[in-house]
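Structure file protein.pdb; described as PDB, C-alpha atoms.
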```pdb
MODEL        1
ATOM      1  CA  VAL A  23      14.717 -20.701 -40.886
ATOM      2  CA  VAL A  24      12.222 -21.905 -38.301
ATOM      3  CA  ASP A  25       9.305 -19.864 -37.024
ATOM      4  CA  LEU A  26       9.295 -19.580 -33.249
ATOM      5  CA  VAL A  27       6.178 -18.813 -31.197
ATOM      6  CA  ILE A  28       6.684 -17.688 -27.599
ATOM      7  CA  GLU A  29       3.762 -17.756 -25.192
ATOM      8  CA  ALA A  30       3.910 -15.627 -22.055
ATOM      9  CA  ARG A  31       1.574 -16.636 -19.250
ATOM     10  CA  GLU A  32      -0.045 -13.569 -17.680
ATOM     11  CA  ALA A  33      -1.066 -13.498 -14.057
ATOM     12  CA  GLN A  34      -4.861 -13.497 -13.822
ATOM     13  CA  GLY A  35      -5.036 -13.157 -10.050
ATOM     14  CA  ALA A  36      -3.218 -13.315  -6.722
ATOM     15  CA  MET A  37      -2.837 -17.097  -6.893
ATOM     16  CA  ASP A  38      -0.844 -16.782 -10.131
ATOM     17  CA  MET A  39       1.879 -14.662  -8.546
ATOM     18  CA  PRO A  40       5.048 -16.711  -7.881
ATOM     19  CA  LEU A  41       6.702 -16.559  -4.466
ATOM     20  CA  GLN A  42       9.932 -14.590  -4.845
ATOM     21  CA  ASN A  43      12.945 -13.967  -2.616
ATOM     22  CA  ILE A  44      14.849 -10.803  -3.479
ATOM     23  CA  ALA A  45      17.758  -8.976  -1.864
ATOM     24  CA  ALA A  46      16.696  -5.316  -2.064
ATOM     25  CA  THR A  47      18.773  -2.242  -1.235
ATOM     26  CA  VAL A  48      17.628   0.506   1.121
ATOM     27  CA  LYS A  49      17.221   3.778  -0.785
ATOM     28  CA  SER A  50      16.028   5.817   2.187
ATOM     29  CA  VAL A  51      14.262   5.808   5.534
ATOM     30  CA  SER A  52      12.251   9.002   5.980
ATOM     31  CA  PRO A  53       9.746  10.200   8.601
ATOM     32  CA  LEU A  54       6.022  10.246   7.886
ATOM     33  CA  ALA A  55       5.040  10.923  11.504
ATOM     34  CA  ASP A  56       6.625  10.577  14.945
ATOM     35  CA  ASP A  57       5.841   6.847  15.001
ATOM     36  CA  MET A  58       5.855   6.122  11.256
ATOM     37  CA  ARG A  59       8.690   5.759   8.741
ATOM     38  CA  LEU A  60       8.670   5.411   4.973
ATOM     39  CA  LEU A  61      11.034   2.598   4.031
ATOM     40  CA  SER A  62      12.040   2.807   0.360
ATOM     41  CA  LEU A  63      13.728  -0.231  -1.179
ATOM     42  CA  GLN A  64      15.100  -0.866  -4.655
ATOM     43  CA  THR A  65      15.352  -4.311  -6.227
ATOM     44  CA  PRO A  66      18.026  -5.342  -8.766
ATOM     45  CA  ARG A  67      17.136  -4.437 -12.358
ATOM     46  CA  SER A  68      17.126  -8.107 -13.287
ATOM     47  CA  ASN A  69      15.023  -9.268 -10.328
ATOM     48  CA  ARG A  70      12.050  -6.980  -9.809
ATOM     49  CA  LEU A  71       9.176  -7.902  -7.516
ATOM     50  CA  ARG A  72       6.096  -9.120  -9.355
ATOM     51  CA  PHE A  73       3.056  -8.340  -7.211
ATOM     52  CA  LEU A  74      -0.500  -7.062  -7.299
ATOM     53  CA  ALA A  75      -1.662  -3.896  -5.557
ATOM     54  CA  GLY A  76      -2.841  -4.732  -2.036
ATOM     55  CA  GLN A  77      -0.503  -7.686  -1.512
ATOM     56  CA  SER A  78       2.044  -8.099   1.290
ATOM     57  CA  VAL A  79       5.584  -9.416   1.624
ATOM     58  CA  SER A  80       7.907 -10.508   4.415
ATOM     59  CA  LEU A  81      10.811  -8.139   5.070
ATOM     60  CA  THR A  82      13.943  -9.441   6.819
ATOM     61  CA  LEU A  83      16.795  -7.300   8.142
ATOM     62  CA  ALA A  84      20.432  -8.414   8.235
ATOM     63  CA  GLY A  85      20.122  -9.406  11.891
ATOM     64  CA  GLY A  86      17.175 -11.692  11.189
ATOM     65  CA  ALA A  87      14.274  -9.492  12.366
ATOM     66  CA  THR A  88      11.258 -10.104  10.128
ATOM     67  CA  LEU A  89       7.979  -8.295   9.524
ATOM     68  CA  ALA A  90       4.999  -9.123   7.298
ATOM     69  CA  CYS A  91       4.238  -5.822   5.607
ATOM     70  CA  PRO A  92       1.881  -4.618   2.845
ATOM     71  CA  VAL A  93       3.497  -2.945  -0.138
ATOM     72  CA  ALA A  94       2.524   0.737  -0.157
ATOM     73  CA  SER A  95       3.598   1.494  -3.725
ATOM     74  CA  CYS A  96       2.089   0.807  -7.143
ATOM     75  CA  PRO A  97       2.955  -2.352  -9.114
ATOM     76  CA  CYS A  98       3.579  -0.033 -12.059
ATOM     77  CA  ASP A  99       6.983   0.686 -10.462
ATOM     78  CA  ASP A 100       7.980  -2.844  -9.496
ATOM     79  CA  ARG A 101      11.615  -2.003  -8.831
ATOM     80  CA  ASN A 102      11.073   0.806  -6.298
ATOM     81  CA  LEU A 103       9.094  -0.505  -3.325
ATOM     82  CA  GLN A 104       7.647   1.494  -0.439
ATOM     83  CA  PHE A 105       6.591   0.348   3.030
ATOM     84  CA  HIS A 106       5.036   2.205   5.973
ATOM     85  CA  ILE A 107       6.756   1.004   9.149
ATOM     86  CA  GLN A 108       5.075   1.892  12.445
ATOM     87  CA  ARG A 109       7.198   1.905  15.586
ATOM     88  CA  ARG A 110       6.039  -0.599  18.175
ATOM     89  CA  PRO A 111       7.754  -0.898  21.569
ATOM     90  CA  GLY A 112       9.659  -4.156  21.855
ATOM     91  CA  ASP A 113       9.409  -4.919  18.134
ATOM     92  CA  THR A 114      12.912  -5.699  16.853
ATOM     93  CA  PHE A 115      12.124  -4.986  13.194
ATOM     94  CA  SER A 116      10.608  -1.533  13.680
ATOM     95  CA  GLU A 117      13.364  -0.575  16.121
ATOM     96  CA  GLY A 118      15.918  -1.600  13.510
ATOM     97  CA  VAL A 119      14.257   0.595  10.889
ATOM     98  CA  PHE A 120      13.996   3.588  13.234
ATOM     99  CA  THR A 121      17.463   3.409  14.754
ATOM    100  CA  GLY A 122      19.877   1.339  12.693
ATOM    101  CA  LEU A 123      18.865   0.931   9.059
ATOM    102  CA  GLY A 124      20.775   3.058   6.587
ATOM    103  CA  SER A 125      21.138   3.715   2.890
ATOM    104  CA  ALA A 126      22.614   0.781   0.901
ATOM    105  CA  ASP A 127      21.762  -1.777   3.617
ATOM    106  CA  ILE A 128      20.206  -5.012   2.379
ATOM    107  CA  VAL A 129      16.649  -6.078   3.225
ATOM    108  CA  ARG A 130      15.358  -9.422   1.979
ATOM    109  CA  VAL A 131      11.907  -9.331   0.404
ATOM    110  CA  GLU A 132       9.880 -12.550   0.229
ATOM    111  CA  GLY A 133       6.453 -12.665  -1.378
ATOM    112  CA  PRO A 134       3.970 -11.600  -2.502
ATOM    113  CA  ARG A 135       1.089 -12.967  -0.447
ATOM    114  CA  GLY A 136      -2.565 -12.088  -0.022
ATOM    115  CA  GLU A 137      -5.750 -11.812  -2.068
ATOM    116  CA  PHE A 138      -6.767  -8.229  -1.132
ATOM    117  CA  VAL A 139      -6.537  -7.053  -4.748
ATOM    118  CA  LEU A 140      -8.535  -5.122  -7.332
ATOM    119  CA  ASN A 141     -10.869  -6.509  -9.945
ATOM    120  CA  GLU A 142      -9.043  -4.762 -12.767
ATOM    121  CA  MET A 143     -11.850  -5.321 -15.287
ATOM    122  CA  SER A 144     -14.537  -3.588 -13.232
ATOM    123  CA  THR A 145     -15.633  -0.043 -14.119
ATOM    124  CA  ARG A 146     -17.841   0.330 -11.034
ATOM    125  CA  PRO A 147     -17.238   3.107  -8.477
ATOM    126  CA  LEU A 148     -14.541   2.239  -5.935
ATOM    127  CA  ILE A 149     -14.798   3.011  -2.218
ATOM    128  CA  PHE A 150     -11.716   2.560  -0.028
ATOM    129  CA  ILE A 151     -11.845   2.541   3.787
ATOM    130  CA  ALA A 152      -8.503   2.718   5.622
ATOM    131  CA  CYS A 153      -7.806   2.655   9.350
ATOM    132  CA  GLY A 154      -4.592   4.181  10.716
ATOM    133  CA  GLY A 155      -1.479   2.510   9.334
ATOM    134  CA  GLY A 156      -3.746   0.249   7.271
ATOM    135  CA  PHE A 157      -3.568   3.007   4.679
ATOM    136  CA  ALA A 158      -0.437   1.399   3.179
ATOM    137  CA  PRO A 159      -2.156  -1.285   1.023
ATOM    138  CA  ILE A 160      -4.995   1.148   0.248
ATOM    139  CA  LYS A 161      -2.432   3.587  -1.175
ATOM    140  CA  SER A 162      -1.116   0.844  -3.470
ATOM    141  CA  LEU A 163      -4.659  -0.022  -4.587
ATOM    142  CA  ILE A 164      -5.587   3.614  -5.252
ATOM    143  CA  GLU A 165      -2.445   4.328  -7.263
ATOM    144  CA  HIS A 166      -3.023   1.183  -9.311
ATOM    145  CA  ALA A 167      -6.665   2.133  -9.915
ATOM    146  CA  MET A 168      -5.517   5.573 -11.058
ATOM    147  CA  ALA A 169      -3.045   3.977 -13.469
ATOM    148  CA  LEU A 170      -5.777   1.728 -14.908
ATOM    149  CA  ASP A 171      -8.163   4.702 -15.245
ATOM    150  CA  VAL A 172     -11.281   2.549 -15.623
ATOM    151  CA  ALA A 173     -13.221   3.151 -12.390
ATOM    152  CA  GLU A 174     -16.125   5.595 -12.631
ATOM    153  CA  THR A 175     -15.264   7.262  -9.317
ATOM    154  CA  LEU A 176     -12.878   6.705  -6.400
ATOM    155  CA  GLN A 177     -13.611   7.594  -2.772
ATOM    156  CA  LEU A 178     -11.249   7.282   0.175
ATOM    157  CA  TYR A 179     -12.380   7.314   3.799
ATOM    158  CA  TRP A 180      -9.348   7.320   6.077
ATOM    159  CA  MET A 181     -10.023   7.061   9.811
ATOM    160  CA  ALA A 182      -7.178   7.809  12.182
ATOM    161  CA  ASP A 183      -6.643   9.000  15.742
ATOM    162  CA  GLY A 184      -5.530  12.643  15.973
ATOM    163  CA  LYS A 185      -3.884  14.938  13.432
ATOM    164  CA  THR A 186      -0.724  12.893  12.891
ATOM    165  CA  GLY A 187      -2.794   9.779  12.196
ATOM    166  CA  HIS A 188      -3.422  10.932   8.604
ATOM    167  CA  TYR A 189       0.310  10.877   7.946
ATOM    168  CA  LEU A 190      -0.063  11.302   4.161
ATOM    169  CA  ASN A 191      -2.917  13.778   4.312
ATOM    170  CA  ASN A 192      -1.298  16.151   1.795
ATOM    171  CA  LEU A 193      -0.876  13.356  -0.747
ATOM    172  CA  CYS A 194      -4.548  12.398  -0.491
ATOM    173  CA  ARG A 195      -5.623  16.014  -0.846
ATOM    174  CA  SER A 196      -3.406  16.376  -3.923
ATOM    175  CA  TRP A 197      -5.221  13.415  -5.512
ATOM    176  CA  ALA A 198      -8.562  15.073  -4.817
ATOM    177  CA  ASP A 199      -7.333  18.382  -6.269
ATOM    178  CA  ALA A 200      -5.925  16.781  -9.417
ATOM    179  CA  LEU A 201      -8.719  14.322 -10.235
ATOM    180  CA  ASP A 202     -12.366  15.195 -10.814
ATOM    181  CA  ASN A 203     -13.507  11.659  -9.967
ATOM    182  CA  PHE A 204     -11.587  11.293  -6.670
ATOM    183  CA  ARG A 205     -13.011  12.234  -3.275
ATOM    184  CA  TYR A 206     -11.058  12.174  -0.008
ATOM    185  CA  ILE A 207     -12.799  12.152   3.397
ATOM    186  CA  PRO A 208     -10.443  12.076   6.426
ATOM    187  CA  VAL A 209     -12.186  10.829   9.571
ATOM    188  CA  THR A 210     -10.702  11.668  12.975
ATOM    189  CA  ALA A 211     -11.562   8.980  15.517
ATOM    190  CA  GLU A 212     -12.147   9.948  19.120
ATOM    191  CA  SER A 213      -9.638   8.245  21.412
ATOM    192  CA  ASP A 214     -12.379   6.791  23.633
ATOM    193  CA  LEU A 215     -14.129   5.014  20.751
ATOM    194  CA  THR A 216     -13.436   1.405  19.860
ATOM    195  CA  GLN A 217     -12.320   0.563  16.341
ATOM    196  CA  ASP A 218     -15.658  -1.196  15.698
ATOM    197  CA  ALA A 219     -17.514   1.990  16.665
ATOM    198  CA  VAL A 220     -15.378   4.048  14.299
ATOM    199  CA  ILE A 221     -15.960   1.592  11.452
ATOM    200  CA  ARG A 222     -19.724   1.706  12.040
ATOM    201  CA  ASP A 223     -19.578   5.501  11.926
ATOM    202  CA  VAL A 224     -17.723   5.451   8.605
ATOM    203  CA  LEU A 225     -20.096   2.872   7.097
ATOM    204  CA  GLU A 226     -23.072   5.024   8.098
ATOM    205  CA  ARG A 227     -21.490   7.877   6.152
ATOM    206  CA  VAL A 228     -20.754   5.723   3.117
ATOM    207  CA  LEU A 229     -23.879   3.608   2.689
ATOM    208  CA  PRO A 230     -26.597   6.314   2.650
ATOM    209  CA  ALA A 231     -24.656   8.135  -0.064
ATOM    210  CA  GLN A 232     -24.765   5.169  -2.436
TER     211      GLN A 232
ENDMDL
END
```

As structure tokens, the full file:
Amino acid sequence: VVDLVIEAREAQGAMDMPLQNIAATVKSVSPLADDMRLLSLQTPRSNRLRFLAGQSVSLTLAGGATLACPVASCPCDDRNLQFHIQRRPGDTFSEGVFTGLGSADIVRVEGPRGEFVLNEMSTRPLIFIACGGGFAPIKSLIEHAMALDVAETLQLYWMADGKTGHYLNNLCRSWADALDNFRYIPVTAESDLTQDAVIRDVLERVLPAQ
């Protein structure tokens, strides 16, 4: 009998995540707004995507159309992946998702990439600022922070143009209702304001409160 010691190297940060290439299956394509779809993919049981909240991947359809896209779901469910796909005129990938992609189709997932991740050891208050469809990686970060349950408080400022811009408004409000330490502030941007002006407005709301 020989004693055997197995060491498992844990990822300490974004740079430790290996680049993976996975053939995932489409579970569903569902509407979030007129110009936004929720693309739900499922990886094989034996080949789940290892990633950190806030990271992105490259998605490739059968015809070759590719899009770099942040993962919108929590790493705690690394087999079921969610992506927010916004329709853009002339964009082959988004048109494929809106008009041709169906259940059981294959989408290749390559990644993860990016260093926009949480400091999982910090207990300091967390403030998230999202702009329009940029809510996707913020959603992943928030759900991961909730799973860790170490942050003192969580605040989300989501700026978007018009009512349909906050396409997961009910989800954010449900977080605020369920958690005493979570605050959600939707910000509706005027159409004649530049994005920089909107960001300055949000920062003016955030900074004096700290």

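You will find atom CA of A:Arg146 at 7.6 Å from atom CA of A:Thr175.
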
| request: Do a neighbour search on A:His166 at 8 Å with only C-alpha atoms, toss out local chain neighbours closer than 4 positions, and write the hits as an MDAnalysis selection string. | output: chainID A and resid 75 96:98 162 170

| query | Residues around (-9.9, -8.7, -0.3), cut-off 12 Å, counting all atoms listed in the file - what are they as a ChimeraX atom specification? | reply | /A:35-36,74-77,135-141,150,159-160,163

| request: For the file shown, report as a PyMOL selection string the outcome of the PyMOL selection byres ((chain A and resi 200-206) around 8) at residue level. | output: chain A and resi 174-180+194-199+207-208

| query | When distances are computed from all atoms listed in the file, which of A:Gly118, A:Arg227, A:Phe157, A:Asn102 shows the smallest separation from A:Gly187? | reply | A:Phe157

| task | Kindly give the distance, in Å, that separates atom CA of A:Pro40 and atom CA of A:Ile149, rounded to a single decimal. | result | 28.5 Å

Only C-alpha atoms, please: stretch 115-171 of chain A from the block, as a PDB file, in the first residue's frame.
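File produced: decode_38.pdb:
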```
ATOM      1  CA  PHE A 115     -24.150  37.027 -34.987  1.00  0.00           C
ATOM      2  CA  SER A 116     -27.040  38.922 -33.401  1.00  0.00           C
ATOM      3  CA  GLU A 117     -29.200  38.379 -36.485  1.00  0.00           C
ATOM      4  CA  GLY A 118     -28.491  34.661 -36.223  1.00  0.00           C
ATOM      5  CA  VAL A 119     -29.574  34.618 -32.580  1.00  0.00           C
ATOM      6  CA  PHE A 120     -32.746  36.616 -33.263  1.00  0.00           C
ATOM      7  CA  THR A 121     -33.873  34.816 -36.402  1.00  0.00           C
ATOM      8  CA  GLY A 122     -32.247  31.420 -36.825  1.00  0.00           C
ATOM      9  CA  LEU A 123     -30.886  29.936 -33.609  1.00  0.00           C
ATOM     10  CA  GLY A 124     -32.973  27.185 -32.073  1.00  0.00           C
ATOM     11  CA  SER A 125     -33.000  24.716 -29.221  1.00  0.00           C
ATOM     12  CA  ALA A 126     -30.304  21.993 -29.462  1.00  0.00           C
ATOM     13  CA  ASP A 127     -28.167  24.016 -31.909  1.00  0.00           C
ATOM     14  CA  ILE A 128     -24.447  24.086 -31.151  1.00  0.00           C
ATOM     15  CA  VAL A 129     -22.570  27.256 -30.184  1.00  0.00           C
ATOM     16  CA  ARG A 130     -18.823  27.101 -29.603  1.00  0.00           C
ATOM     17  CA  VAL A 131     -17.607  28.844 -26.459  1.00  0.00           C
ATOM     18  CA  GLU A 132     -13.966  29.935 -26.252  1.00  0.00           C
ATOM     19  CA  GLY A 133     -12.558  31.615 -23.164  1.00  0.00           C
ATOM     20  CA  PRO A 134     -12.622  32.994 -20.585  1.00  0.00           C
ATOM     21  CA  ARG A 135     -10.887  36.341 -21.018  1.00  0.00           C
ATOM     22  CA  GLY A 136     -10.728  39.561 -19.041  1.00  0.00           C
ATOM     23  CA  GLU A 137      -9.675  40.830 -15.623  1.00  0.00           C
ATOM     24  CA  PHE A 138     -12.916  42.627 -14.615  1.00  0.00           C
ATOM     25  CA  VAL A 139     -13.407  40.374 -11.583  1.00  0.00           C
ATOM     26  CA  LEU A 140     -14.151  40.584  -7.868  1.00  0.00           C
ATOM     27  CA  ASN A 141     -11.678  40.642  -5.024  1.00  0.00           C
ATOM     28  CA  GLU A 142     -13.318  37.697  -3.297  1.00  0.00           C
ATOM     29  CA  MET A 143     -11.503  38.280   0.006  1.00  0.00           C
ATOM     30  CA  SER A 144     -12.733  41.846   0.474  1.00  0.00           C
ATOM     31  CA  THR A 145     -15.573  42.584   2.913  1.00  0.00           C
ATOM     32  CA  ARG A 146     -15.859  46.243   1.884  1.00  0.00           C
ATOM     33  CA  PRO A 147     -19.120  47.670   0.490  1.00  0.00           C
ATOM     34  CA  LEU A 148     -19.569  47.016  -3.232  1.00  0.00           C
ATOM     35  CA  ILE A 149     -20.917  49.585  -5.693  1.00  0.00           C
ATOM     36  CA  PHE A 150     -21.803  48.464  -9.223  1.00  0.00           C
ATOM     37  CA  ILE A 151     -22.465  50.898 -12.088  1.00  0.00           C
ATOM     38  CA  ALA A 152     -23.948  49.432 -15.284  1.00  0.00           C
ATOM     39  CA  CYS A 153     -24.793  51.162 -18.552  1.00  0.00           C
ATOM     40  CA  GLY A 154     -27.418  49.671 -20.879  1.00  0.00           C
ATOM     41  CA  GLY A 155     -26.496  46.192 -22.078  1.00  0.00           C
ATOM     42  CA  GLY A 156     -23.327  46.428 -19.978  1.00  0.00           C
ATOM     43  CA  PHE A 157     -25.480  45.033 -17.190  1.00  0.00           C
ATOM     44  CA  ALA A 158     -24.601  41.475 -18.289  1.00  0.00           C
ATOM     45  CA  PRO A 159     -21.177  41.177 -16.557  1.00  0.00           C
ATOM     46  CA  ILE A 160     -22.487  43.212 -13.604  1.00  0.00           C
ATOM     47  CA  LYS A 161     -25.254  40.630 -13.133  1.00  0.00           C
ATOM     48  CA  SER A 162     -22.633  37.868 -12.988  1.00  0.00           C
ATOM     49  CA  LEU A 163     -20.579  39.847 -10.457  1.00  0.00           C
ATOM     50  CA  ILE A 164     -23.595  40.602  -8.251  1.00  0.00           C
ATOM     51  CA  GLU A 165     -24.801  37.001  -8.209  1.00  0.00           C
ATOM     52  CA  HIS A 166     -21.298  35.821  -7.341  1.00  0.00           C
ATOM     53  CA  ALA A 167     -21.015  38.411  -4.558  1.00  0.00           C
ATOM     54  CA  MET A 168     -24.361  37.227  -3.195  1.00  0.00           C
ATOM     55  CA  ALA A 169     -23.130  33.627  -3.227  1.00  0.00           C
ATOM     56  CA  LEU A 170     -19.955  34.611  -1.345  1.00  0.00           C
ATOM     57  CA  ASP A 171     -21.987  36.626   1.197  1.00  0.00           C
TER      58      ASP A 171
END
```
